[in-house]
Structure formats: structure tokens, C-alpha cells
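Visitor: Input structure: entry-v3.txt, which contains compact mmCIF, C-alpha atoms.
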# COMPACT_ATOMS: atom_id res chain seq x y z
CA MET A 1 15.54 -38.47 17.90
CA PHE A 2 12.77 -36.15 19.03
CA VAL A 3 15.38 -33.81 20.46
CA ALA A 4 17.05 -33.56 17.06
CA ALA A 5 13.69 -32.88 15.42
CA ALA A 6 12.87 -30.19 17.97
CA LEU A 7 16.23 -28.51 17.48
CA ALA A 8 15.82 -28.61 13.70
CA LEU A 9 12.37 -27.02 14.06
CA LEU A 10 13.79 -24.29 16.25
CA ALA A 11 16.41 -23.59 13.59
CA THR A 12 13.77 -23.28 10.87
CA MET A 13 11.77 -21.02 13.18
CA ILE A 14 14.76 -18.70 13.40
CA LEU A 15 14.91 -18.59 9.60
CA THR A 16 11.20 -17.82 9.18
CA ILE A 17 11.30 -15.17 11.93
CA ALA A 18 14.22 -13.52 10.17
CA ARG A 19 12.24 -13.44 6.93
CA ALA A 20 9.18 -12.04 8.70
CA LEU A 21 11.22 -9.26 10.26
CA LEU A 22 13.33 -8.39 7.22
CA GLY A 23 10.54 -8.45 4.66
CA PRO A 24 11.00 -6.73 2.30
CA THR A 25 7.53 -7.17 0.76
CA LEU A 26 4.30 -7.89 2.57
CA TYR A 27 4.03 -11.29 0.91
CA ASP A 28 7.36 -12.30 2.38
CA ARG A 29 6.17 -11.44 5.84
CA LEU A 30 2.80 -13.11 5.39
CA LEU A 31 4.32 -16.29 4.01
CA ALA A 32 6.92 -16.30 6.77
CA VAL A 33 4.26 -15.93 9.47
CA ASN A 34 2.16 -18.65 7.89
CA SER A 35 5.06 -21.08 7.72
CA PHE A 36 6.05 -20.11 11.25
CA GLY A 37 2.57 -21.16 12.33
CA THR A 38 3.17 -24.50 10.64
CA LYS A 39 6.48 -24.82 12.46
CA ILE A 40 4.78 -24.09 15.79
CA VAL A 41 2.20 -26.77 15.06
CA LEU A 42 4.92 -29.28 14.22
CA PHE A 43 6.89 -28.23 17.26
CA ILE A 44 3.94 -28.75 19.59
CA ALA A 45 3.49 -32.23 18.15
CA VAL A 46 7.18 -33.08 18.52
CA PHE A 47 7.34 -31.58 21.98
CA GLY A 48 4.34 -33.61 23.04
CA PHE A 49 6.10 -36.83 22.08
CA LEU A 50 9.34 -35.56 23.56
CA THR A 51 7.75 -35.13 26.96
CA GLY A 52 5.67 -38.27 26.64
CA ARG A 53 2.34 -36.52 26.40
CA PRO A 54 1.04 -36.75 22.83
CA GLU A 55 -2.35 -35.40 23.97
CA PHE A 56 -1.04 -32.02 22.89
CA LEU A 57 -1.77 -33.05 19.30
CA ASP A 58 -5.30 -31.64 19.66
CA ILE A 59 -3.87 -28.23 20.40
CA ALA A 60 -1.63 -28.50 17.37
CA LEU A 61 -4.72 -29.11 15.24
CA VAL A 62 -6.51 -26.05 16.62
CA TYR A 63 -3.41 -23.95 16.04
CA SER A 64 -3.28 -24.91 12.41
CA LEU A 65 -6.94 -23.88 12.02
CA ILE A 66 -6.33 -20.50 13.68
CA ASN A 67 -3.24 -19.94 11.59
CA PHE A 68 -5.25 -20.58 8.44
CA ILE A 69 -8.01 -18.17 9.46
CA GLY A 70 -5.55 -15.39 10.22
CA THR A 71 -3.77 -15.78 6.90
CA VAL A 72 -7.02 -15.81 4.96
CA ALA A 73 -8.21 -12.68 6.77
CA VAL A 74 -5.01 -10.80 5.98
CA LEU A 75 -5.09 -11.87 2.35
CA LYS A 76 -8.72 -10.88 1.98
CA PHE A 77 -7.99 -7.52 3.52
CA TYR A 78 -5.04 -7.09 1.21
CA GLU A 79 -7.13 -7.85 -1.85
CA TYR A 80 -10.18 -5.74 -1.03
CA ASP A 81 -8.85 -3.17 1.47
CA ASP A 82 -11.78 -4.15 3.65
CA LEU A 83 -13.12 -7.11 5.54
CA GLY A 84 -16.37 -5.91 4.15
CA SER A 85 -19.87 -7.06 3.76
CA GLY A 86 -20.02 -7.89 0.07
CA ALA A 87 -20.31 -4.37 -1.32
CA TYR A 88 -17.31 -4.93 -3.56
CA GLN A 89 -18.48 -8.10 -5.18
CA GLU A 90 -19.99 -6.76 -8.38
CA ASP A 91 -17.35 -4.29 -9.42
CA ASP A 92 -14.24 -6.15 -8.41
CA PHE A 93 -14.71 -9.40 -10.26
CA MET B 94 20.23 -27.09 30.36
CA SER B 95 17.32 -29.18 29.30
CA ILE B 96 15.65 -28.94 25.93
CA GLU B 97 12.69 -27.32 27.63
CA HIS B 98 14.71 -24.42 28.99
CA LEU B 99 16.51 -24.03 25.68
CA THR B 100 13.17 -23.88 23.86
CA ILE B 101 11.76 -21.30 26.25
CA ALA B 102 14.88 -19.16 25.88
CA VAL B 103 14.71 -19.31 22.09
CA LEU B 104 10.99 -18.51 22.02
CA LEU B 105 11.44 -15.55 24.38
CA THR B 106 14.20 -14.25 22.11
CA PHE B 107 11.74 -14.54 19.21
CA LEU B 108 9.26 -12.49 21.23
CA VAL B 109 11.74 -9.69 21.81
CA ALA B 110 12.79 -9.65 18.15
CA THR B 111 9.17 -9.57 16.99
CA ALA B 112 8.27 -6.78 19.40
CA ILE B 113 11.17 -4.66 18.15
CA GLY B 114 10.07 -5.37 14.59
CA ILE B 115 6.52 -4.22 15.38
CA ILE B 116 7.84 -0.98 16.86
CA VAL B 117 10.21 -0.22 14.01
CA LEU B 118 7.90 -1.02 11.12
CA ARG B 119 6.03 1.90 9.55
CA ASP B 120 3.77 -0.32 7.42
CA LEU B 121 0.79 -0.95 9.67
CA LEU B 122 -0.45 -4.02 7.80
CA ALA B 123 2.96 -5.64 8.23
CA ALA B 124 2.87 -4.69 11.90
CA VAL B 125 -0.53 -6.39 12.27
CA ILE B 126 0.88 -9.52 10.65
CA LEU B 127 3.76 -9.42 13.10
CA THR B 128 1.40 -9.12 16.08
CA GLY B 129 -0.17 -12.39 14.93
CA LEU B 130 3.31 -13.87 14.84
CA TYR B 131 3.97 -12.53 18.33
CA SER B 132 0.89 -14.27 19.69
CA LEU B 133 1.82 -17.53 18.01
CA VAL B 134 5.26 -17.44 19.58
CA ALA B 135 3.82 -16.56 22.99
CA ALA B 136 1.32 -19.41 22.71
CA GLY B 137 4.13 -21.80 21.82
CA ALA B 138 6.07 -20.68 24.88
CA PHE B 139 3.01 -21.18 27.08
CA ILE B 140 2.61 -24.72 25.77
CA VAL B 141 6.21 -25.54 26.56
CA MET B 142 5.62 -24.15 30.06
CA ASP B 143 2.61 -26.51 30.46
CA ALA B 144 0.04 -23.70 30.60
CA VAL B 145 -2.08 -25.27 27.90
CA ASP B 146 -5.26 -23.35 28.69
CA VAL B 147 -3.49 -19.99 28.58
CA ALA B 148 -1.84 -21.00 25.33
CA PHE B 149 -5.20 -21.89 23.83
CA THR B 150 -6.61 -18.50 24.75
CA GLU B 151 -3.55 -16.69 23.47
CA ALA B 152 -3.70 -18.46 20.12
CA ALA B 153 -7.44 -17.97 19.64
CA VAL B 154 -7.67 -14.39 20.88
CA GLY B 155 -4.22 -13.00 20.14
CA SER B 156 -3.50 -14.65 16.84
CA GLY B 157 -7.02 -15.13 15.53
CA ILE B 158 -9.52 -12.56 16.75
CA SER B 159 -7.32 -9.57 17.42
CA THR B 160 -5.57 -9.87 14.06
CA ILE B 161 -8.97 -9.68 12.39
CA LEU B 162 -10.02 -6.79 14.66
CA PHE B 163 -6.84 -4.90 13.78
CA LEU B 164 -7.53 -5.48 10.10
CA GLY B 165 -11.05 -4.15 10.55
CA ALA B 166 -9.63 -1.05 12.21
CA LEU B 167 -7.05 -0.68 9.45
CA SER B 168 -9.75 -0.59 6.80
CA PHE B 169 -10.81 2.78 8.26
CA THR B 170 -7.32 4.24 8.22
CA GLN B 171 -4.23 4.38 6.11
CA HIS B 172 -1.66 1.64 5.88
CA GLU B 173 1.33 3.77 6.72
CA GLN B 174 2.11 5.21 10.07
CA LYS B 175 2.51 8.97 9.90
CA PRO B 176 6.12 10.03 10.25
CA ARG B 177 6.60 11.67 13.58
CA GLY B 178 8.87 14.62 14.11
CA ARG B 179 10.96 13.06 16.79
CA ASP B 180 10.43 10.40 19.39
CA SER B 181 10.04 11.67 22.89
CA TRP B 182 12.74 10.52 25.28
CA LEU B 183 10.47 11.32 28.19
CA ALA B 184 7.94 8.77 26.95
CA LEU B 185 10.66 6.17 26.59
CA LEU B 186 11.81 6.94 30.13
CA PHE B 187 8.33 6.39 31.52
CA VAL B 188 7.91 3.16 29.60
CA VAL B 189 11.24 1.88 30.89
CA ILE B 190 10.33 2.85 34.46
CA THR B 191 6.94 1.14 34.22
CA GLY B 192 8.46 -1.97 32.72
CA GLY B 193 11.15 -2.01 35.39
CA LEU B 194 8.53 -1.75 38.12
CA LEU B 195 6.56 -4.62 36.61
CA ILE B 196 9.67 -6.78 36.45
CA PHE B 197 10.50 -5.75 40.01
CA GLY B 198 7.05 -6.91 41.03
CA THR B 199 7.74 -10.41 39.69
CA LEU B 200 10.88 -10.82 41.80
CA ASP B 201 8.84 -11.87 44.81
CA MET B 202 7.09 -14.63 42.92
CA PRO B 203 8.31 -18.22 43.08
CA ARG B 204 10.69 -19.20 40.33
CA TYR B 205 9.40 -21.00 37.24
CA GLY B 206 8.77 -24.66 38.07
CA SER B 207 9.73 -24.16 41.69
CA ALA B 208 8.80 -27.10 43.90
CA THR B 209 8.77 -24.92 47.00
CA SER B 210 6.19 -22.40 45.85
CA PRO B 211 3.34 -21.77 48.32
CA ALA B 212 0.87 -23.57 46.06
CA GLN B 213 3.02 -26.72 46.18
CA THR B 214 3.98 -26.64 49.85
CA HIS B 215 0.59 -25.83 51.30
CA PRO B 216 -0.21 -28.86 53.45
CA GLU B 217 -3.75 -29.55 52.23
CA LEU B 218 -4.60 -27.45 49.21
CA ALA B 219 -3.25 -29.43 46.25
CA LYS B 220 -4.00 -32.76 47.91
CA ARG B 221 -7.58 -31.77 48.55
CA PHE B 222 -8.10 -30.42 45.03
CA ILE B 223 -6.70 -33.55 43.43
CA GLU B 224 -8.45 -36.04 45.68
CA GLN B 225 -11.78 -34.42 46.46
CA SER B 226 -12.64 -32.22 43.50
CA ALA B 227 -14.20 -35.05 41.51
CA ASP B 228 -16.65 -35.71 44.36
CA GLU B 229 -17.14 -32.13 45.47
CA VAL B 230 -17.53 -30.45 42.10
CA GLY B 231 -17.74 -33.08 39.43
CA PRO B 232 -15.60 -32.41 36.34
CA PRO B 233 -12.66 -34.80 35.92
CA ASN B 234 -10.37 -31.86 35.13
CA VAL B 235 -9.07 -30.32 38.34
CA VAL B 236 -8.29 -26.99 36.68
CA THR B 237 -11.91 -26.67 35.58
CA SER B 238 -13.11 -27.36 39.11
CA VAL B 239 -10.77 -24.75 40.57
CA LEU B 240 -11.77 -22.14 38.00
CA ALA B 241 -15.48 -22.71 38.09
CA SER B 242 -16.08 -23.60 41.71
CA TYR B 243 -13.26 -23.17 44.23
CA ARG B 244 -12.45 -19.70 42.94
CA GLY B 245 -15.83 -19.15 41.36
CA TYR B 246 -16.27 -15.60 42.66
CA ASP B 247 -12.95 -14.60 41.12
CA THR B 248 -14.03 -16.04 37.79
CA LEU B 249 -17.38 -14.29 38.13
CA GLY B 250 -15.53 -11.00 38.65
CA GLU B 251 -13.41 -11.60 35.55
CA THR B 252 -16.51 -12.36 33.54
CA VAL B 253 -18.16 -9.16 34.76
CA VAL B 254 -15.10 -7.17 33.68
CA VAL B 255 -15.12 -8.71 30.21
CA PHE B 256 -18.88 -8.24 29.92
CA THR B 257 -18.61 -4.58 30.92
CA ALA B 258 -15.85 -4.05 28.40
CA GLY B 259 -18.01 -5.63 25.72
CA ILE B 260 -20.94 -3.38 26.58
CA ALA B 261 -18.67 -0.33 26.51
CA VAL B 262 -17.29 -1.26 23.10
CA MET B 263 -20.78 -1.83 21.72
CA GLY B 264 -21.85 1.51 23.15
CA LEU B 265 -18.94 3.21 21.45
CA LEU B 266 -19.48 1.53 18.12
CA GLY B 267 -23.25 1.93 18.14
CA LEU B 268 -25.81 -0.76 17.77
CA LYS B 269 -27.35 0.40 14.52
CA ARG B 270 -28.00 -2.46 12.21
CA ARG B 271 -26.67 -2.08 8.70
CA ARG B 272 -29.37 -2.49 6.09
CA PRO B 273 -28.50 -4.95 3.32
CA GLU B 274 -28.92 -2.53 0.39
CA ASP B 275 -27.54 0.34 2.38
CA GLU B 276 -24.94 2.10 0.27
CA THR B 277 -21.77 1.64 2.26
CA PRO B 278 -19.62 4.75 1.87
CA GLU B 279 -16.44 4.31 -0.16
CA HIS B 280 -14.46 5.81 2.66
CA ALA B 281 -15.09 6.33 6.30
CA PRO B 282 -15.42 9.91 7.45
CA GLY B 283 -12.01 11.43 7.86
CA ASP B 284 -10.37 8.93 5.56
CA LEU B 285 -8.17 10.25 2.81
CA PRO B 286 -9.32 9.61 -0.75
CA HIS B 287 -7.93 6.55 -2.39
CA GLU B 288 -4.83 7.44 -4.36
CA PRO B 289 -4.34 5.70 -7.69
CA GLY B 290 -1.35 3.40 -7.72
CA HIS B 291 -1.62 2.82 -4.01
CA ASP B 292 -2.00 -0.92 -4.35
CA THR B 293 0.84 -1.34 -6.80
CA ASP B 294 3.06 0.68 -4.52
CA ARG B 295 2.51 -1.78 -1.72
CA LEU B 296 3.47 -4.69 -3.91
CA THR B 297 7.01 -3.52 -4.38
Kindly transcribe the structure held in the file into C-alpha cells.
Guide:
Amino acid sequence: MFVAAALALLATMILTIARALLGPTLYDRLLAVNSFGTKIVLFIAVFGFLTGRPEFLDIALVYSLINFIGTVAVLKFYEYDDLGSGAYQEDDF
Amino acid sequence: MSIEHLTIAVLLTFLVATAIGIIVLRDLLAAVILTGLYSLVAAGAFIVMDAVDVAFTEAAVGSGISTILFLGALSFTQHEQKPRGRDSWLALLFVVITGGLLIFGTLDMPRYGSATSPAQTHPELAKRFIEQSADEVGPPNVVTSVLASYRGYDTLGETVVVFTAGIAVMGLLGLKRRRPEDETPEHAPGDLPHEPGHDTDRLT
């Protein structure tokens, strides 16, 4: 059961990796990387139960947080061309 | 072949594919995104290999912090790598030689998961760590005891290295504080002026 789930997750990882490498637009890559992060989180959870050590769930939680931060940083950079300090706020909105 | 070995093989294949993608891509922002992907895959592989602490560090530093640092660096440059005239075969040769030497250096190490590695077969080491570390050092986690106490000088040396690197980076960047109403320049010195239509170009 868990083996089948793990294999299915690996298959979806292959698909998202292919999208991240092929592009063609930046959004494709970003979305692919973000969903790959989700797949990794799910995989860690499944693998934890597969090997009888569900304590790994904590790590899965932290991964999802990190994944979120990275995506937000890239999107912010994409929107403002800067990770900046608020200098853009008046003229860009 | 167990599911664990299959997973490791698949993840390592992902790593190679991602690395090639990073090299080939000319769009630097996309390359930065792919480096985040690379770290995620590496962290996943570390978890499958039971190196949870390394995986944690890889995910936090590789996928989180260094992505943001790369983005900060990108905001001072352009988003496209400059086209080079031709790639130097000599450079490739040296990279291949260095990589080959590094791989050659790993041949002496015990195989992955080997039960006969020196750390496993040493008569007293593992037994003593597992049985005595709670009394001798304190923390219930044996890895923490080894890192912080049994090989404390090694850890101290690592910390000194990281600290020195941090000081060097701060020295390079300068410690001037940015005033709140300081007019931040539109472009960093040496940056090309912003071309109109640049953003819409990147969307397509």
C-alpha cells in the first residue's frame, strides 16, 4: 500500500521535474518546483510510514514551510525586481 | 532491489538532470529556481538515507536561504547570462579531472549502509556512545552528544570557519546602516538601465 503510494509519488516527481526543466516560461518552472516541494513533503510522510518511523512527519512540515518561503521570495522578486526595503511601495501600487 | 535503493537511484537521477538544466539555462532567474529544486531533491535523498540532520540543513540553507541570497544578488545584475564566445574545453577537462579525483577519493570509504565499516566494527565506540552518553553528557540524542561533546573541538573548528566566513562577507559588503529615508538608487552602479518591455519579454 505504502509502496504503491511511494512509487506513484516518484512518478509524479518525474513529471514535475520534466516540467521544471523544459519550461518554457518562468511560471511553469516555478509552479513545477513548488509542486515538487509538495511531492517531497508527501514522499517524506509516506516513506516515514513505509519504514515504520512516522516521526519524520515533523521534517515534512518544516519542508513545506521552507518551500513556501522560497516560492514567495521568487514571486516577490519577479514582481518588483528586488527583494527591497519598501522603496517601491508608493509608485507600484 | 528494495524501495529504498530504488528511491535513492531515482532521486540521484533527478539531481543529475537538474544540474544539467542549471548549466544549460541562460535565464538566471530560472537557474536560481532550479537550484532550489536541486536542494529539495538532495534533502529528500538525505532523508531516505537516514541523515535527517543533514537533510534539515540542506533544506533550510540550500533551498531557503541561498535561494533568497541568489535573488538578492540577481537584483544587482541582469537576468540573462551573457552569451559566451565558446566554451573552453580546457576548463571542462579540469572539471572532469577534479570530479574524477573526488570520486576516486570516495572509493576507499565504506559502502553505503555497510555493516562492516570501522564505525560499526570498533569494539567499544558505538556501544559506549549509546550506553554512556546520557550519563556522561546529558542529551537523550546520541548524535547531539557526539557533535557537541565527544567531537566538540571539531565542531568548534567548524564554527570558527563559519564565523570567519561571516565576518569576511560582512567586511566585503560593508556595515553601513541604510537610513530609512535614504533614496535608494534605481540601479546599482554598473547596472544597465532598465529597458522598457523587459518584464513583458520575460513573460513569454
Visitor: So that each row is one residue of chain A with an atom at most 8 Å from chain B, can you give its shortest atom pair and the distance in Å to one decimal, using all atoms listed in the file, rows by chain and rising number, as a tab-separated table?
Guide:
residue	atom	partner	partner_atom	distance
A:Val3	CA	B:Ile96	CA	7.3
A:Leu10	CA	B:Thr100	CA	7.6
A:Ile14	CA	B:Phe107	CA	7.8
A:Ile17	CA	B:Phe107	CA	7.3
A:Ala20	CA	B:Leu127	CA	7.5
A:Leu21	CA	B:Gly114	CA	5.9
A:Thr25	CA	B:Thr297	CA	6.3
A:Leu26	CA	B:Ala123	CA	6.2
A:Arg29	CA	B:Ala123	CA	7.0
A:Leu30	CA	B:Ile126	CA	6.7
A:Val33	CA	B:Leu130	CA	5.8
A:Phe36	CA	B:Leu130	CA	7.7
A:Gly37	CA	B:Leu133	CA	6.8
A:Ile40	CA	B:Gly137	CA	6.5
A:Ile44	CA	B:Gly137	CA	7.3
A:Phe47	CA	B:Val141	CA	7.7
A:Ile59	CA	B:Phe149	CA	7.3
A:Tyr63	CA	B:Ala152	CA	6.8
A:Ile66	CA	B:Gly157	CA	5.7
A:Asn67	CA	B:Gly157	CA	7.3
A:Ile69	CA	B:Gly157	CA	6.9
A:Gly70	CA	B:Gly157	CA	5.5
A:Ala73	CA	B:Ile161	CA	6.4
A:Val74	CA	B:Leu164	CA	7.2
A:Phe77	CA	B:Leu164	CA	6.9
A:Asp81	CA	B:Ser168	CA	6.0
A:Asp82	CA	B:Ser168	CA	5.2
A:Leu83	CA	B:Gly165	CA	6.2
A:Ala87	CA	B:Thr277	CA	7.1
Visitor: Which value, in Å to one decimal, gives the distance between atom CA of A:Phe49 and atom CA of B:Ser95?
Guide: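 Pair atom CA of A:Phe49 / atom CA of B:Ser95 returns 15.4 Å.
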Visitor: Near A:Leu42, counting all atoms listed in the file, which residues have an atom at most 9 Å away, once you skip same-chain residues fewer than 4 positions from it, shown as a PyMOL selection string?
Guide: chain A and resi 6+9+37-38+46-47+60
Visitor: Go ahead and save the picked residues with C-alpha atoms, as an mmCIF file, keeping the file's coordinate frame.
Guide:
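After the write, out18.cif holds the following:
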data_model
loop_
_atom_site.group_PDB
_atom_site.id
_atom_site.type_symbol
_atom_site.label_atom_id
_atom_site.label_comp_id
_atom_site.auth_asym_id
_atom_site.auth_seq_id
_atom_site.Cartn_x
_atom_site.Cartn_y
_atom_site.Cartn_z
ATOM 1 C CA ALA A 6 12.870 -30.190 17.970
ATOM 2 C CA LEU A 9 12.370 -27.020 14.060
ATOM 3 C CA GLY A 37 2.570 -21.160 12.330
ATOM 4 C CA THR A 38 3.170 -24.500 10.640
ATOM 5 C CA VAL A 46 7.180 -33.080 18.520
ATOM 6 C CA PHE A 47 7.340 -31.580 21.980
ATOM 7 C CA ALA A 60 -1.630 -28.500 17.370
#
Visitor: Separation of atom CA of A:Pro24 and atom CA of A:Leu7, in Å?
Guide: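 Computing the Euclidean distance for atom CA of A:Pro24 and atom CA of A:Leu7 yields 27.1 Å.
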Visitor: Which distance in Å separates atom CA of B:Phe222 and atom CA of B:Ser238, to one decimal?
Guide: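 Separating atom CA of B:Phe222 from atom CA of B:Ser238 is a distance of 8.3 Å.
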Visitor: List every protein, DNA or RNA residue that has an atom no more than 6 Å from (9.7, -13.8, 3.9) in the file's coordinate frame, counting all atoms listed in the file, and report them as a list in words.
Guide: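 It turns out the residues near that spot are Arg19, Ala20, Gly23, Asp28, Arg29, Leu31 and Ala32 of chain A.
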